[in-house]
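Quick look at model-v1.csv (CSV, C-alpha atoms):
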```csv
chain,number,residue,atom,x,y,z
A,1,MET,CA,-18.1,-15.0,-19.4
A,2,SER,CA,-18.8,-11.4,-20.3
A,3,PRO,CA,-20.7,-9.4,-17.6
A,4,GLU,CA,-23.6,-9.1,-20.0
A,5,SER,CA,-23.9,-12.8,-20.6
A,6,LEU,CA,-23.6,-13.6,-16.9
A,7,ARG,CA,-26.3,-11.1,-16.0
A,8,LYS,CA,-28.8,-12.9,-18.2
A,9,ASP,CA,-29.2,-15.4,-15.3
A,10,ASN,CA,-28.6,-12.9,-12.5
A,11,PRO,CA,-29.3,-9.2,-13.2
A,12,GLY,CA,-28.0,-8.2,-9.8
A,13,LEU,CA,-24.5,-9.7,-10.4
A,14,VAL,CA,-21.5,-7.4,-9.6
A,15,VAL,CA,-18.6,-8.3,-11.8
A,16,ALA,CA,-15.1,-7.0,-11.0
A,17,ARG,CA,-12.4,-6.9,-13.6
A,18,VAL,CA,-8.7,-6.2,-12.8
A,19,SER,CA,-6.3,-5.4,-15.6
A,20,GLY,CA,-3.2,-3.4,-16.4
A,21,TYR,CA,-4.9,-0.5,-18.1
A,22,GLY,CA,-8.6,-0.9,-17.7
A,23,GLN,CA,-11.4,-2.1,-19.9
A,24,THR,CA,-11.5,0.9,-22.2
A,25,GLY,CA,-9.0,3.3,-23.8
A,26,PRO,CA,-6.2,2.8,-26.4
A,27,LYS,CA,-4.1,0.5,-24.0
A,28,CYS,CA,-7.0,-1.7,-22.8
A,29,SER,CA,-5.9,-4.7,-24.8
A,30,GLU,CA,-2.2,-4.5,-23.9
A,31,PRO,CA,-0.7,-6.8,-21.3
A,32,GLY,CA,0.3,-5.1,-18.1
A,33,PHE,CA,2.1,-6.3,-15.0
A,34,ALA,CA,2.6,-4.1,-11.9
A,35,SER,CA,6.3,-3.7,-12.9
A,36,VAL,CA,5.3,-1.8,-16.1
A,37,CYS,CA,2.0,-0.2,-14.9
A,38,GLU,CA,3.7,1.4,-11.9
A,39,GLY,CA,5.9,3.2,-14.4
A,40,VAL,CA,3.1,4.3,-16.7
A,41,GLY,CA,1.0,5.4,-13.7
A,42,GLY,CA,3.7,7.8,-12.5
A,43,PHE,CA,4.6,6.0,-9.3
A,44,ARG,CA,8.1,5.0,-10.4
A,45,PHE,CA,8.9,8.5,-11.6
A,46,VAL,CA,8.9,10.0,-8.1
A,47,ASN,CA,10.8,7.1,-6.5
A,48,GLY,CA,14.6,7.2,-6.1
A,49,VAL,CA,17.4,9.7,-5.9
A,50,PRO,CA,17.6,12.8,-8.2
A,51,GLY,CA,19.8,12.1,-11.2
A,52,GLU,CA,19.7,8.3,-10.8
A,53,PRO,CA,17.5,5.7,-12.5
A,54,PRO,CA,14.0,5.3,-10.9
A,55,VAL,CA,13.7,2.5,-8.4
A,56,ARG,CA,11.0,0.2,-7.3
A,57,PRO,CA,10.2,-1.1,-3.9
A,58,ASN,CA,10.8,-4.9,-3.7
A,59,LEU,CA,7.1,-5.5,-3.8
A,60,SER,CA,4.3,-5.5,-6.5
A,61,ILE,CA,2.5,-2.5,-5.0
A,62,GLY,CA,0.4,-2.0,-8.1
A,63,ASP,CA,-1.2,-5.5,-7.9
A,64,THR,CA,-2.1,-5.0,-4.2
A,65,LEU,CA,-3.6,-1.5,-4.9
A,66,ALA,CA,-5.6,-2.7,-7.9
A,67,GLY,CA,-7.0,-5.5,-5.7
A,68,MET,CA,-8.0,-3.1,-2.9
A,69,ASN,CA,-9.6,-0.8,-5.4
A,70,ALA,CA,-11.6,-3.7,-6.9
A,71,VAL,CA,-12.8,-4.6,-3.4
A,72,LEU,CA,-13.8,-1.0,-2.7
A,73,GLY,CA,-15.7,-0.9,-6.0
A,74,ILE,CA,-17.5,-4.2,-5.3
A,75,LEU,CA,-18.6,-2.9,-1.9
A,76,LEU,CA,-19.9,0.4,-3.4
A,77,ALA,CA,-21.7,-1.6,-6.1
A,78,LEU,CA,-23.4,-3.8,-3.5
A,79,LEU,CA,-24.4,-0.7,-1.4
A,80,LYS,CA,-25.9,0.8,-4.5
A,81,ARG,CA,-27.8,-2.4,-5.3
A,82,GLY,CA,-29.5,-2.2,-2.0
A,83,GLN,CA,-30.5,1.5,-2.2
A,84,LEU,CA,-34.0,2.7,-2.9
A,85,SER,CA,-34.7,4.5,-6.2
A,86,GLU,CA,-38.0,6.3,-6.3
A,87,GLY,CA,-39.2,4.0,-3.6
A,88,VAL,CA,-38.1,0.8,-5.4
A,89,PRO,CA,-34.9,-1.1,-4.5
A,90,PHE,CA,-32.1,-0.7,-7.1
A,91,ALA,CA,-31.6,-4.4,-8.0
A,92,LEU,CA,-29.2,-4.2,-10.8
A,93,GLY,CA,-25.5,-5.2,-10.7
A,94,GLN,CA,-22.7,-3.3,-12.4
A,95,ASP,CA,-19.2,-3.6,-13.6
A,96,VAL,CA,-16.2,-2.7,-11.4
A,97,ASP,CA,-13.2,-1.7,-13.6
A,98,SER,CA,-10.0,-1.6,-11.6
A,99,SER,CA,-6.7,-1.0,-13.4
A,100,ILE,CA,-3.2,-1.3,-12.0
A,101,THR,CA,-2.1,1.9,-13.8
A,102,GLU,CA,-5.0,4.0,-12.3
A,103,SER,CA,-4.5,2.5,-8.9
A,104,VAL,CA,-0.9,3.7,-8.6
A,105,PHE,CA,-1.9,7.0,-10.3
A,106,GLY,CA,-4.3,7.5,-7.4
A,107,LEU,CA,-1.3,7.7,-5.1
A,108,LEU,CA,0.1,10.9,-6.7
A,109,GLU,CA,-1.5,13.3,-4.3
A,110,ALA,CA,-1.3,16.8,-5.7
A,111,CYS,CA,0.8,16.1,-8.7
A,112,VAL,CA,-2.0,16.7,-11.2
A,113,PRO,CA,-3.0,20.2,-9.9
A,114,GLU,CA,0.6,21.1,-9.4
A,115,TYR,CA,1.3,20.5,-13.1
A,116,ASP,CA,-2.0,21.8,-14.4
A,117,TYR,CA,-1.9,25.0,-12.4
A,118,ALA,CA,1.8,25.7,-12.0
A,119,GLY,CA,3.5,23.6,-14.7
A,120,ALA,CA,5.5,21.9,-11.9
A,121,ILE,CA,6.6,18.3,-12.4
A,122,ARG,CA,7.2,16.6,-9.0
A,123,GLU,CA,10.5,14.6,-9.2
A,124,PRO,CA,12.3,12.0,-7.0
A,125,SER,CA,13.7,13.5,-3.8
A,126,GLY,CA,15.4,10.6,-2.1
A,127,SER,CA,14.2,10.1,1.4
A,128,SER,CA,12.6,13.5,1.7
A,129,LEU,CA,9.2,14.8,0.6
A,130,THR,CA,8.9,17.8,-1.7
A,131,GLY,CA,7.5,20.9,0.0
A,132,ILE,CA,7.7,19.3,3.5
A,133,VAL,CA,10.6,20.3,5.8
A,134,PRO,CA,12.1,18.8,7.9
A,135,THR,CA,11.2,15.2,7.2
A,136,GLY,CA,13.6,12.5,6.1
A,137,THR,CA,15.8,9.6,6.9
A,138,TYR,CA,18.9,10.4,9.0
A,139,PRO,CA,22.0,8.4,9.7
A,140,CYS,CA,22.9,7.5,13.3
A,141,LYS,CA,26.2,6.8,15.1
A,142,ASP,CA,25.6,3.0,15.1
A,143,GLY,CA,25.2,2.8,11.3
A,144,SER,CA,21.4,2.6,11.3
A,145,PHE,CA,18.9,5.2,10.1
A,146,MET,CA,16.0,6.9,11.8
A,147,ILE,CA,13.0,8.7,10.1
A,148,ILE,CA,12.1,12.0,11.7
A,149,GLY,CA,9.0,14.0,10.7
A,150,ALA,CA,9.0,17.5,12.3
A,151,ASN,CA,7.3,19.5,9.6
A,152,GLY,CA,4.8,21.2,11.8
A,153,ASP,CA,5.8,24.6,13.3
A,154,SER,CA,5.5,23.4,16.9
A,155,LEU,CA,7.1,20.0,16.0
A,156,PHE,CA,10.1,21.8,14.5
A,157,LYS,CA,10.6,23.9,17.6
A,158,ARG,CA,10.5,20.9,19.8
A,159,LEU,CA,13.0,19.0,17.6
A,160,MET,CA,15.4,21.9,17.6
A,161,ALA,CA,15.1,22.2,21.4
A,162,VAL,CA,15.9,18.5,22.0
A,163,MET,CA,18.8,18.8,19.6
A,164,GLY,CA,20.1,21.8,21.6
A,165,ARG,CA,19.6,24.1,18.7
A,166,GLN,CA,17.0,26.5,20.1
A,167,GLU,CA,18.4,29.3,18.0
A,168,LEU,CA,17.2,27.5,14.9
A,169,GLY,CA,13.8,26.9,16.5
A,170,GLN,CA,13.5,30.6,17.2
A,171,ASP,CA,14.9,31.9,13.9
A,172,PRO,CA,12.1,33.8,12.0
A,173,ARG,CA,13.3,32.3,8.7
A,174,PHE,CA,12.1,28.9,9.9
A,175,ALA,CA,8.9,30.0,11.5
A,176,ASN,CA,6.7,28.3,8.9
A,177,ASN,CA,7.1,25.5,6.4
A,178,ALA,CA,7.6,27.8,3.4
A,179,GLY,CA,10.6,29.3,5.1
A,180,ARG,CA,12.0,26.0,6.1
A,181,CYS,CA,11.7,24.7,2.5
A,182,GLU,CA,13.9,27.6,1.3
A,183,HIS,CA,16.6,26.4,3.8
A,184,GLN,CA,16.2,22.6,3.6
A,185,ASP,CA,19.9,21.8,3.2
A,186,LEU,CA,20.9,23.9,6.2
A,187,LEU,CA,18.3,22.3,8.4
A,188,ASP,CA,19.0,18.8,7.2
A,189,GLU,CA,22.7,19.3,7.9
A,190,ALA,CA,21.9,20.4,11.4
A,191,ILE,CA,19.7,17.3,12.0
A,192,ILE,CA,22.3,15.0,10.5
A,193,ALA,CA,25.0,16.4,12.7
A,194,TRP,CA,22.8,15.6,15.7
A,195,THR,CA,21.8,12.1,14.7
A,196,ARG,CA,25.3,11.1,13.8
A,197,SER,CA,26.3,11.8,17.4
A,198,LYS,CA,23.8,9.4,18.8
A,199,THR,CA,22.6,5.8,18.4
A,200,ALA,CA,19.3,5.1,16.8
A,201,ALA,CA,17.9,4.2,20.3
A,202,GLU,CA,19.0,7.5,21.7
A,203,VAL,CA,17.5,9.5,18.8
A,204,GLN,CA,14.2,7.7,19.2
A,205,ALA,CA,14.1,8.2,23.0
A,206,ALA,CA,14.9,11.9,22.6
A,207,CYS,CA,12.2,12.4,20.0
A,208,LYS,CA,9.7,10.4,22.0
A,209,GLU,CA,10.3,12.6,25.0
A,210,ALA,CA,9.8,15.7,22.9
A,211,ALA,CA,6.7,14.2,21.2
A,212,VAL,CA,8.3,14.4,17.8
A,213,PRO,CA,7.3,11.6,15.3
A,214,CYS,CA,10.3,9.4,14.8
A,215,GLY,CA,10.9,5.7,14.1
A,216,PRO,CA,13.3,3.1,12.7
A,217,ILE,CA,13.2,1.4,9.3
A,218,TYR,CA,12.1,-2.2,10.0
A,219,SER,CA,12.9,-5.3,8.2
A,220,ILE,CA,10.3,-8.1,8.4
A,221,LYS,CA,12.4,-9.7,11.1
A,222,ASP,CA,12.1,-6.5,13.2
A,223,ILE,CA,8.4,-6.3,12.6
A,224,MET,CA,7.7,-9.9,13.7
A,225,GLU,CA,9.8,-9.3,16.9
A,226,ASP,CA,8.3,-6.0,17.7
A,227,GLU,CA,6.1,-5.9,20.8
A,228,HIS,CA,3.6,-3.4,19.3
A,229,PHE,CA,2.9,-5.6,16.3
A,230,GLN,CA,2.6,-8.6,18.6
A,231,ALA,CA,0.3,-6.7,21.0
A,232,ARG,CA,-1.9,-5.7,18.1
A,233,GLY,CA,-2.3,-9.3,17.0
A,234,CYS,CA,-0.8,-8.6,13.6
A,235,PHE,CA,0.1,-12.2,12.9
A,236,GLU,CA,-2.0,-15.4,12.9
A,237,ASP,CA,-1.2,-19.1,12.2
A,238,VAL,CA,-2.6,-21.1,9.3
A,239,HIS,CA,-1.9,-24.7,8.7
A,240,LEU,CA,-0.4,-26.2,5.6
A,241,PRO,CA,-1.8,-29.4,4.0
A,242,ASP,CA,0.9,-31.4,5.9
A,243,GLY,CA,-0.2,-29.9,9.2
A,244,ARG,CA,2.6,-27.5,9.7
A,245,ALA,CA,1.7,-24.0,11.0
A,246,VAL,CA,3.0,-20.9,9.3
A,247,LYS,CA,2.4,-17.3,10.3
A,248,VAL,CA,0.7,-14.9,8.0
A,249,PRO,CA,-0.4,-11.2,8.4
A,250,SER,CA,-3.7,-11.0,10.3
A,251,ILE,CA,-6.7,-9.3,8.7
A,252,GLY,CA,-6.8,-5.5,8.7
A,253,PRO,CA,-8.4,-3.2,9.3
A,254,LYS,CA,-9.6,-4.5,12.7
A,255,LEU,CA,-13.4,-4.4,13.2
A,256,SER,CA,-14.6,-4.2,16.8
A,257,ALA,CA,-17.7,-6.4,16.4
A,258,SER,CA,-16.7,-8.7,13.6
A,259,PRO,CA,-12.9,-9.0,13.3
A,260,GLY,CA,-11.7,-11.2,10.4
A,261,SER,CA,-9.4,-14.1,10.4
A,262,THR,CA,-7.8,-16.5,7.9
A,263,ALA,CA,-9.8,-19.7,8.0
A,264,ALA,CA,-7.3,-21.8,6.1
A,265,GLY,CA,-4.1,-21.7,4.0
A,266,GLY,CA,-4.1,-22.2,0.3
A,267,PRO,CA,-5.4,-25.5,-1.0
A,268,ARG,CA,-3.2,-28.1,-2.8
A,269,LEU,CA,-3.3,-27.8,-6.6
A,270,GLY,CA,-6.5,-29.4,-7.8
A,271,GLN,CA,-7.7,-30.1,-4.3
A,272,HIS,CA,-11.2,-28.9,-5.1
A,273,THR,CA,-11.5,-30.0,-8.7
A,274,THR,CA,-13.8,-33.0,-8.0
A,275,GLU,CA,-15.9,-31.0,-5.6
A,276,VAL,CA,-16.5,-28.2,-8.1
A,277,LEU,CA,-17.1,-30.3,-11.2
A,278,GLN,CA,-19.1,-33.1,-9.6
A,279,GLU,CA,-21.0,-31.5,-6.7
A,280,LYS,CA,-21.5,-28.1,-8.2
A,281,LEU,CA,-21.6,-28.8,-12.0
A,282,GLN,CA,-23.1,-32.4,-11.7
A,283,LEU,CA,-20.5,-34.1,-13.9
A,284,SER,CA,-20.5,-37.9,-13.6
A,285,ASP,CA,-17.5,-40.1,-12.6
A,286,ASP,CA,-17.1,-41.2,-16.2
A,287,GLU,CA,-17.1,-37.6,-17.4
A,288,LEU,CA,-14.4,-36.7,-14.9
A,289,SER,CA,-12.4,-39.7,-15.9
A,290,THR,CA,-12.6,-38.7,-19.5
A,291,LEU,CA,-11.4,-35.2,-18.7
A,292,ARG,CA,-8.4,-36.5,-16.7
A,293,THR,CA,-7.4,-39.0,-19.3
A,294,ALA,CA,-7.4,-36.2,-21.9
A,295,GLY,CA,-5.2,-34.1,-19.6
A,296,ILE,CA,-7.8,-31.3,-19.4
A,297,ILE,CA,-8.0,-31.5,-15.6
A,298,GLY,CA,-5.8,-32.9,-12.9
A,299,GLY,CA,-6.2,-33.1,-9.2
A,300,GLU,CA,-7.8,-35.6,-6.9
```
Transcribe the structure of this file into structure tokens.
Amino acid sequence: MSPESLRKDNPGLVVARVSGYGQTGPKCSEPGFASVCEGVGGFRFVNGVPGEPPVRPNLSIGDTLAGMNAVLGILLALLKRGQLSEGVPFALGQDVDSSITESVFGLLEACVPEYDYAGAIREPSGSSLTGIVPTGTYPCKDGSFMIIGANGDSLFKRLMAVMGRQELGQDPRFANNAGRCEHQDLLDEAIIAWTRSKTAAEVQAACKEAAVPCGPIYSIKDIMEDEHFQARGCFEDVHLPDGRAVKVPSIGPKLSASPGSTAAGGPRLGQHTTEVLQEKLQLSDDELSTLRTAGIIGGE
């Protein structure tokens, strides 16, 4: 099943391989789940609160990202296969090597040049973002939290105005992001004092009026009940083998001329065994029976 052996019959075949650490390098033969590779790739190091153990989101982000990178690689390889080279179509396939570790490593933004040029190691910063002020998660009077991002110069002035703190918006110390970073604690304290005096809905309404990016932290329940997600068609129904309908996320991104959809839910275990082995591989009924009796295959 190596790419080389498969291409003996089809030289144009594109083969994608997804693994923990990639197909080369000292770790290539080591097992790797997202839980481990997210740590090795640096993603976990910058998550959490300073001085406390790193945390993980309750998702396997590394698996999803590695799959997305594999799809991007497949599409690039297919585009290359159709290009002309010296007037002749490039007809060869190629390997797509997607690793979980490198997929999360690709999220680290400027961490590499920061370290290489300045020796700086970006560390966890709770709900804020290093070098960007003000942006963070702020508590409200009703016990909920709101995310506010006012890290542009004009955004900052508009936020201070809606907070009734125009003197901070006009203070030359805070005229640019560099100055605001030097006084992050002071500014965050001012914002927290304001958000604690209001409900989340009041904070969001005030920020919306001032055109300052602001939003709540949604659970999946909140997402499914939100009118924007519904209006955007972010959910679709698929039917289980017993006929019941269940909602799943719709296909994104949304294409204007050829939007995607989920044709069917997952099959039952072994549902297509006979179809694949008999119709595609031309095995006889007796051969299928022998395989089932030996416990090699199951299914219908």
Long-range neighbours of Pro249 (chain A) as a list in words, 12 Å cut-off, only C-alpha atoms, 5 positions minimum in chain: Ile220, Ile223, Met224, Phe229, Gln230, Arg232, Gly233, Cys234, Phe235, Glu236, Asp237, Val238, Gly260, Ser261, Thr262 and Gly265 of chain A
Just-selected residues, C-alpha atoms written as a tab-separated table (two decimals), in the coordinates of the input:
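The new file selection_27.tsv reads:
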```tsv
chain	number	residue	atom	x	y	z
A	220	ILE	CA	10.30	-8.10	8.40
A	223	ILE	CA	8.40	-6.30	12.60
A	224	MET	CA	7.70	-9.90	13.70
A	229	PHE	CA	2.90	-5.60	16.30
A	230	GLN	CA	2.60	-8.60	18.60
A	232	ARG	CA	-1.90	-5.70	18.10
A	233	GLY	CA	-2.30	-9.30	17.00
A	234	CYS	CA	-0.80	-8.60	13.60
A	235	PHE	CA	0.10	-12.20	12.90
A	236	GLU	CA	-2.00	-15.40	12.90
A	237	ASP	CA	-1.20	-19.10	12.20
A	238	VAL	CA	-2.60	-21.10	9.30
A	260	GLY	CA	-11.70	-11.20	10.40
A	261	SER	CA	-9.40	-14.10	10.40
A	262	THR	CA	-7.80	-16.50	7.90
A	265	GLY	CA	-4.10	-21.70	4.00
```
message: What's around Val14 (chain A) at 7 Å? Count all atoms listed in the file, leave out sequence neighbours fewer than 4 positions away in its own chain, and write the answer as a count of residues only.
response: 5
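Closest approach to Asp97 (chain A) from the set A:Ala70, A:Ile61, A:Ala34, A:Ala118 is made by A:Ala70, with distances taken over all atoms listed in the file.
When all atoms listed in the file are used to compute distances to Cys214 (chain A), the closest of the residues A:Trp194, A:Phe174, A:Tyr138, A:Phe90 turns out to be A:Tyr138.
Atom to atom, CA of Asp242 (chain A) and CA of Pro259 (chain A) stand 27.3 Å apart.
Interatomic distance, CA of Ile296 (chain A) against CA of Gly266 (chain A): 22.0 Å.
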Atom-to-atom span, CA of Leu6 (chain A) and CA of Ala264 (chain A), Å: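 Atom-to-atom, CA of Leu6 (chain A) to CA of Ala264 (chain A), that is 29.4 Å.
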query: With only C-alpha atoms as the atoms that count, which of A:Ser250, A:Ser99, A:Ser219, A:Ser144 lies nearest to Thr199 (chain A)?
result: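 When distances to Thr199 (chain A) are compared using only C-alpha atoms, the smallest one comes from A:Ser144.
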task: Please identify all polymer residues within 12 Å of Thr274 (chain A), counting all atoms listed in the file, omitting same-chain residues fewer than 5 positions from it, and present them as number ranges by chain.
output: A: 269, 279-285, 287-289, 291-292, 297-300
message: Nearest residue to Thr24 (chain A) out of A:Gly152, A:Asp188, A:Gly179, A:Ser98, using all atoms listed in the file?
response: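 Once distances to Thr24 (chain A) are computed over all atoms listed in the file, the minimum belongs to A:Ser98.
Minimum atom-to-atom distance to Val71 (chain A), evaluated using all atoms listed in the file, belongs to A:Val15 out of A:Val15, A:Gln271, A:Thr293, A:Ser127.
With only C-alpha atoms as the atoms that count, the residue of A:Val133, A:Ala161, A:Pro267, A:Pro54 with the shortest distance to Gln184 (chain A) is A:Val133.
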